[in-house]
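**Q** Right, I'll just put the structure down here and ask away after.
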Amino acid sequence: MIARQTGAEWWATGGEHWLRTPDGRLWDPVEEARRCFGGHGSLRLLCRDAVNGVPR
């Protein structure tokens, strides 16, 4: 959803995968998913922040 809503593209480096938004911000949805699984994150908030341009 982040890539589709923001025009971001997947970017990989050192075995990690990130989303890079057109304004140059990098987002790590994989790490956020891990944090959610552990009860310490929110994919919904990550998506909202990325779409609305809020830095993380």
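Chain labels follow the order of the structure tokens: the first chain is A, the next B, and so on; residue numbering restarts at 1 in every chain, and ligands are counted from 1 in their shown order.
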Among chain A, which residues does DSSP mark as strand (DSSP E) when it is run on the backbone? Keep the chain and numbering as in the structure and answer as a ChimeraX atom specification.
**A** /A:9-13,16-20,26-27
**Q** When you look at Val30 (chain A) with a cut-off of 8 Å (counting only C-alpha atoms), what residues show up, excluding the ones that are within fewer than 3 positions of it in the same chain? I need them as a list in words.
**A**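 In the requested format, the answer is His17, Trp18, Ala33 and Arg34 of chain A.
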**Q** Based on the selection just made, write all heavy atoms of those residues as a PDB file, in the first residue's frame.
**A**
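For reference, result_36.pdb as written:
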ATOM      1  N   HIS A  17      15.477  -4.712   2.950  1.00  0.00           N
ATOM      2  CA  HIS A  17      14.564  -4.155   1.953  1.00  0.00           C
ATOM      3  C   HIS A  17      13.821  -2.972   2.555  1.00  0.00           C
ATOM      4  O   HIS A  17      13.292  -3.065   3.665  1.00  0.00           O
ATOM      5  CB  HIS A  17      13.590  -5.224   1.481  1.00  0.00           C
ATOM      6  CG  HIS A  17      14.276  -6.322   0.744  1.00  0.00           C
ATOM      7  ND1 HIS A  17      14.877  -7.370   1.392  1.00  0.00           N
ATOM      8  CD2 HIS A  17      14.505  -6.496  -0.569  1.00  0.00           C
ATOM      9  CE1 HIS A  17      15.423  -8.169   0.496  1.00  0.00           C
ATOM     10  NE2 HIS A  17      15.214  -7.660  -0.699  1.00  0.00           N
ATOM     11  N   TRP A  18      13.800  -1.889   1.825  1.00  0.00           N
ATOM     12  CA  TRP A  18      13.188  -0.645   2.276  1.00  0.00           C
ATOM     13  C   TRP A  18      12.256  -0.126   1.197  1.00  0.00           C
ATOM     14  O   TRP A  18      12.358  -0.512   0.041  1.00  0.00           O
ATOM     15  CB  TRP A  18      14.267   0.411   2.493  1.00  0.00           C
ATOM     16  CG  TRP A  18      15.293   0.057   3.494  1.00  0.00           C
ATOM     17  CD1 TRP A  18      16.321  -0.829   3.350  1.00  0.00           C
ATOM     18  CD2 TRP A  18      15.404   0.565   4.813  1.00  0.00           C
ATOM     19  NE1 TRP A  18      17.064  -0.892   4.492  1.00  0.00           N
ATOM     20  CE2 TRP A  18      16.526  -0.043   5.408  1.00  0.00           C
ATOM     21  CE3 TRP A  18      14.677   1.496   5.541  1.00  0.00           C
ATOM     22  CZ2 TRP A  18      16.923   0.244   6.701  1.00  0.00           C
ATOM     23  CZ3 TRP A  18      15.075   1.777   6.819  1.00  0.00           C
ATOM     24  CH2 TRP A  18      16.185   1.157   7.401  1.00  0.00           C
ATOM     25  N   ALA A  33       6.716  -4.770  10.704  1.00  0.00           N
ATOM     26  CA  ALA A  33       5.910  -5.988  10.859  1.00  0.00           C
ATOM     27  C   ALA A  33       6.447  -6.844  12.003  1.00  0.00           C
ATOM     28  O   ALA A  33       5.674  -7.391  12.793  1.00  0.00           O
ATOM     29  CB  ALA A  33       5.890  -6.784   9.556  1.00  0.00           C
ATOM     30  N   ARG A  34       7.767  -6.939  12.106  1.00  0.00           N
ATOM     31  CA  ARG A  34       8.367  -7.686  13.231  1.00  0.00           C
ATOM     32  C   ARG A  34       7.993  -7.051  14.564  1.00  0.00           C
ATOM     33  O   ARG A  34       7.690  -7.744  15.534  1.00  0.00           O
ATOM     34  CB  ARG A  34       9.887  -7.722  13.082  1.00  0.00           C
ATOM     35  CG  ARG A  34      10.377  -8.628  12.012  1.00  0.00           C
ATOM     36  CD  ARG A  34      11.903  -8.692  11.996  1.00  0.00           C
ATOM     37  NE  ARG A  34      12.347  -9.395  10.827  1.00  0.00           N
ATOM     38  CZ  ARG A  34      13.099  -8.869   9.873  1.00  0.00           C
ATOM     39  NH1 ARG A  34      13.549  -7.639   9.965  1.00  0.00           N
ATOM     40  NH2 ARG A  34      13.449  -9.582   8.831  1.00  0.00           N
TER      41      ARG A  34
END
**Q** So that I can see what lies close to region 5-9 of chain A, please list as a compact mmCIF listing (two decimals) with all heavy atoms, in the first residue's frame the residues with an atom at most 6 Å from it, counting only C-alpha atoms and leaving out residues fewer than 6 positions away in the same chain.
**A**
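Listing of out_0.txt after writing:
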# COMPACT_ATOMS: atom_id res chain seq x y z
N LEU A 19 11.39 0.78 1.58
CA LEU A 19 10.62 1.56 0.62
C LEU A 19 11.19 2.96 0.62
O LEU A 19 11.39 3.55 1.67
CB LEU A 19 9.14 1.61 1.02
CG LEU A 19 8.33 0.38 0.70
CD1 LEU A 19 6.95 0.48 1.32
CD2 LEU A 19 8.23 0.17 -0.80
N ARG A 20 11.45 3.49 -0.57
CA ARG A 20 11.96 4.85 -0.69
C ARG A 20 10.87 5.69 -1.34
O ARG A 20 10.47 5.44 -2.47
CB ARG A 20 13.22 4.87 -1.52
CG ARG A 20 13.84 6.23 -1.61
CD ARG A 20 15.08 6.19 -2.47
NE ARG A 20 15.61 7.52 -2.54
CZ ARG A 20 16.83 7.86 -2.19
NH1 ARG A 20 17.67 6.94 -1.78
NH2 ARG A 20 17.22 9.09 -2.28
N THR A 21 10.39 6.70 -0.60
CA THR A 21 9.35 7.58 -1.11
C THR A 21 9.97 8.62 -2.04
O THR A 21 11.18 8.87 -1.97
CB THR A 21 8.58 8.26 0.03
OG1 THR A 21 9.50 8.94 0.87
CG2 THR A 21 7.80 7.24 0.86
N PRO A 22 9.17 9.25 -2.90
CA PRO A 22 9.71 10.22 -3.84
C PRO A 22 10.48 11.38 -3.18
O PRO A 22 11.38 11.95 -3.79
CB PRO A 22 8.48 10.75 -4.57
CG PRO A 22 7.52 9.61 -4.52
CD PRO A 22 7.76 8.99 -3.16
N VAL A 51 1.99 7.88 3.88
CA VAL A 51 1.10 8.53 2.92
C VAL A 51 0.96 10.02 3.23
O VAL A 51 0.91 10.85 2.31
CB VAL A 51 -0.28 7.83 2.90
CG1 VAL A 51 -1.29 8.61 2.11
CG2 VAL A 51 -0.14 6.42 2.33
**Q** Smallest atom-to-atom distance to Pro29 (chain A): which of A:Ala50, A:Leu43, A:Ala3, A:Ala12, using only C-alpha atoms?
**A** A:Leu43
**Q** Of the candidates A:Arg4, A:Gly53, A:Gly39, A:Cys47, which one gets nearest to Arg25 (chain A) if we count only C-alpha atoms?
**A**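 Among A:Arg4, A:Gly53, A:Gly39, A:Cys47, it is A:Gly53 that comes nearest to Arg25 (chain A).
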**Q** From the DSSP assignment of the backbone, select every residue of chain A that is alpha helix (DSSP H), and format the answer as a PDB file with N, CA, C and O atoms, in the first residue's frame.
**A**
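Okay, this is what ended up in result-v7.pdb:
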ATOM      1  N   ILE A   2       1.943   1.285   0.772  1.00  0.00           N
ATOM      2  CA  ILE A   2       2.767   2.490   0.845  1.00  0.00           C
ATOM      3  C   ILE A   2       3.311   2.833  -0.540  1.00  0.00           C
ATOM      4  O   ILE A   2       3.245   3.977  -0.978  1.00  0.00           O
ATOM      5  N   ALA A   3       3.836   1.842  -1.229  1.00  0.00           N
ATOM      6  CA  ALA A   3       4.408   2.097  -2.555  1.00  0.00           C
ATOM      7  C   ALA A   3       3.336   2.624  -3.500  1.00  0.00           C
ATOM      8  O   ALA A   3       3.558   3.595  -4.229  1.00  0.00           O
ATOM      9  N   ARG A   4       2.172   2.047  -3.483  1.00  0.00           N
ATOM     10  CA  ARG A   4       1.096   2.453  -4.384  1.00  0.00           C
ATOM     11  C   ARG A   4       0.576   3.850  -4.058  1.00  0.00           C
ATOM     12  O   ARG A   4       0.364   4.668  -4.941  1.00  0.00           O
ATOM     13  N   GLN A   5       0.392   4.161  -2.778  1.00  0.00           N
ATOM     14  CA  GLN A   5      -0.183   5.437  -2.377  1.00  0.00           C
ATOM     15  C   GLN A   5       0.789   6.608  -2.455  1.00  0.00           C
ATOM     16  O   GLN A   5       0.378   7.740  -2.619  1.00  0.00           O
ATOM     17  N   THR A   6       2.092   6.343  -2.320  1.00  0.00           N
ATOM     18  CA  THR A   6       3.064   7.436  -2.268  1.00  0.00           C
ATOM     19  C   THR A   6       3.943   7.519  -3.504  1.00  0.00           C
ATOM     20  O   THR A   6       4.699   8.469  -3.647  1.00  0.00           O
ATOM     21  N   PRO A  29       9.147  -1.444   6.233  1.00  0.00           N
ATOM     22  CA  PRO A  29       7.909  -2.123   6.631  1.00  0.00           C
ATOM     23  C   PRO A  29       8.140  -3.527   7.167  1.00  0.00           C
ATOM     24  O   PRO A  29       7.348  -4.027   7.960  1.00  0.00           O
ATOM     25  N   VAL A  30       9.229  -4.178   6.763  1.00  0.00           N
ATOM     26  CA  VAL A  30       9.520  -5.523   7.268  1.00  0.00           C
ATOM     27  C   VAL A  30       9.831  -5.458   8.765  1.00  0.00           C
ATOM     28  O   VAL A  30       9.314  -6.244   9.564  1.00  0.00           O
ATOM     29  N   GLU A  31      10.668  -4.507   9.160  1.00  0.00           N
ATOM     30  CA  GLU A  31      10.988  -4.337  10.584  1.00  0.00           C
ATOM     31  C   GLU A  31       9.746  -3.930  11.374  1.00  0.00           C
ATOM     32  O   GLU A  31       9.536  -4.386  12.496  1.00  0.00           O
ATOM     33  N   GLU A  32       8.922  -3.085  10.794  1.00  0.00           N
ATOM     34  CA  GLU A  32       7.691  -2.669  11.480  1.00  0.00           C
ATOM     35  C   GLU A  32       6.775  -3.870  11.689  1.00  0.00           C
ATOM     36  O   GLU A  32       6.145  -4.002  12.738  1.00  0.00           O
ATOM     37  N   ALA A  33       6.716  -4.770  10.704  1.00  0.00           N
ATOM     38  CA  ALA A  33       5.910  -5.988  10.859  1.00  0.00           C
ATOM     39  C   ALA A  33       6.447  -6.844  12.003  1.00  0.00           C
ATOM     40  O   ALA A  33       5.674  -7.391  12.793  1.00  0.00           O
ATOM     41  N   ARG A  34       7.767  -6.939  12.106  1.00  0.00           N
ATOM     42  CA  ARG A  34       8.367  -7.686  13.231  1.00  0.00           C
ATOM     43  C   ARG A  34       7.993  -7.051  14.564  1.00  0.00           C
ATOM     44  O   ARG A  34       7.690  -7.744  15.534  1.00  0.00           O
ATOM     45  N   ARG A  35       8.058  -5.730  14.618  1.00  0.00           N
ATOM     46  CA  ARG A  35       7.691  -5.025  15.852  1.00  0.00           C
ATOM     47  C   ARG A  35       6.220  -5.249  16.186  1.00  0.00           C
ATOM     48  O   ARG A  35       5.861  -5.435  17.346  1.00  0.00           O
ATOM     49  N   CYS A  36       5.359  -5.247  15.170  1.00  0.00           N
ATOM     50  CA  CYS A  36       3.928  -5.498  15.400  1.00  0.00           C
ATOM     51  C   CYS A  36       3.705  -6.884  15.976  1.00  0.00           C
ATOM     52  O   CYS A  36       2.907  -7.063  16.892  1.00  0.00           O
ATOM     53  N   PHE A  37       4.411  -7.856  15.429  1.00  0.00           N
ATOM     54  CA  PHE A  37       4.282  -9.229  15.909  1.00  0.00           C
ATOM     55  C   PHE A  37       4.663  -9.310  17.382  1.00  0.00           C
ATOM     56  O   PHE A  37       4.080 -10.061  18.148  1.00  0.00           O
ATOM     57  N   LEU A  43       1.465  -1.361  11.679  1.00  0.00           N
ATOM     58  CA  LEU A  43       1.559  -1.194  10.236  1.00  0.00           C
ATOM     59  C   LEU A  43       0.561  -0.148   9.755  1.00  0.00           C
ATOM     60  O   LEU A  43       0.826   0.583   8.807  1.00  0.00           O
ATOM     61  N   ARG A  44      -0.571  -0.049  10.407  1.00  0.00           N
ATOM     62  CA  ARG A  44      -1.555   0.962  10.042  1.00  0.00           C
ATOM     63  C   ARG A  44      -0.976   2.357  10.209  1.00  0.00           C
ATOM     64  O   ARG A  44      -1.093   3.197   9.322  1.00  0.00           O
ATOM     65  N   LEU A  45      -0.293   2.596  11.327  1.00  0.00           N
ATOM     66  CA  LEU A  45       0.308   3.915  11.553  1.00  0.00           C
ATOM     67  C   LEU A  45       1.476   4.159  10.605  1.00  0.00           C
ATOM     68  O   LEU A  45       1.674   5.285  10.134  1.00  0.00           O
ATOM     69  N   LEU A  46       2.262   3.129  10.313  1.00  0.00           N
ATOM     70  CA  LEU A  46       3.353   3.268   9.357  1.00  0.00           C
ATOM     71  C   LEU A  46       2.800   3.709   8.004  1.00  0.00           C
ATOM     72  O   LEU A  46       3.307   4.654   7.402  1.00  0.00           O
ATOM     73  N   CYS A  47       1.748   3.052   7.536  1.00  0.00           N
ATOM     74  CA  CYS A  47       1.140   3.405   6.255  1.00  0.00           C
ATOM     75  C   CYS A  47       0.567   4.814   6.287  1.00  0.00           C
ATOM     76  O   CYS A  47       0.770   5.599   5.367  1.00  0.00           O
ATOM     77  N   ARG A  48      -0.122   5.148   7.349  1.00  0.00           N
ATOM     78  CA  ARG A  48      -0.694   6.499   7.468  1.00  0.00           C
ATOM     79  C   ARG A  48       0.389   7.560   7.436  1.00  0.00           C
ATOM     80  O   ARG A  48       0.291   8.551   6.717  1.00  0.00           O
ATOM     81  N   ASP A  49       1.460   7.354   8.193  1.00  0.00           N
ATOM     82  CA  ASP A  49       2.548   8.326   8.252  1.00  0.00           C
ATOM     83  C   ASP A  49       3.244   8.473   6.900  1.00  0.00           C
ATOM     84  O   ASP A  49       3.592   9.580   6.487  1.00  0.00           O
ATOM     85  N   ALA A  50       3.459   7.357   6.212  1.00  0.00           N
ATOM     86  CA  ALA A  50       4.128   7.406   4.910  1.00  0.00           C
ATOM     87  C   ALA A  50       3.286   8.158   3.887  1.00  0.00           C
ATOM     88  O   ALA A  50       3.788   8.992   3.148  1.00  0.00           O
ATOM     89  N   VAL A  51       1.991   7.882   3.880  1.00  0.00           N
ATOM     90  CA  VAL A  51       1.101   8.527   2.921  1.00  0.00           C
ATOM     91  C   VAL A  51       0.960  10.025   3.225  1.00  0.00           C
ATOM     92  O   VAL A  51       0.915  10.850   2.311  1.00  0.00           O
ATOM     93  N   ASN A  52       0.952  10.372   4.493  1.00  0.00           N
ATOM     94  CA  ASN A  52       0.774  11.768   4.878  1.00  0.00           C
ATOM     95  C   ASN A  52       2.089  12.548   4.984  1.00  0.00           C
ATOM     96  O   ASN A  52       2.076  13.723   5.356  1.00  0.00           O
TER      97      ASN A  52
END
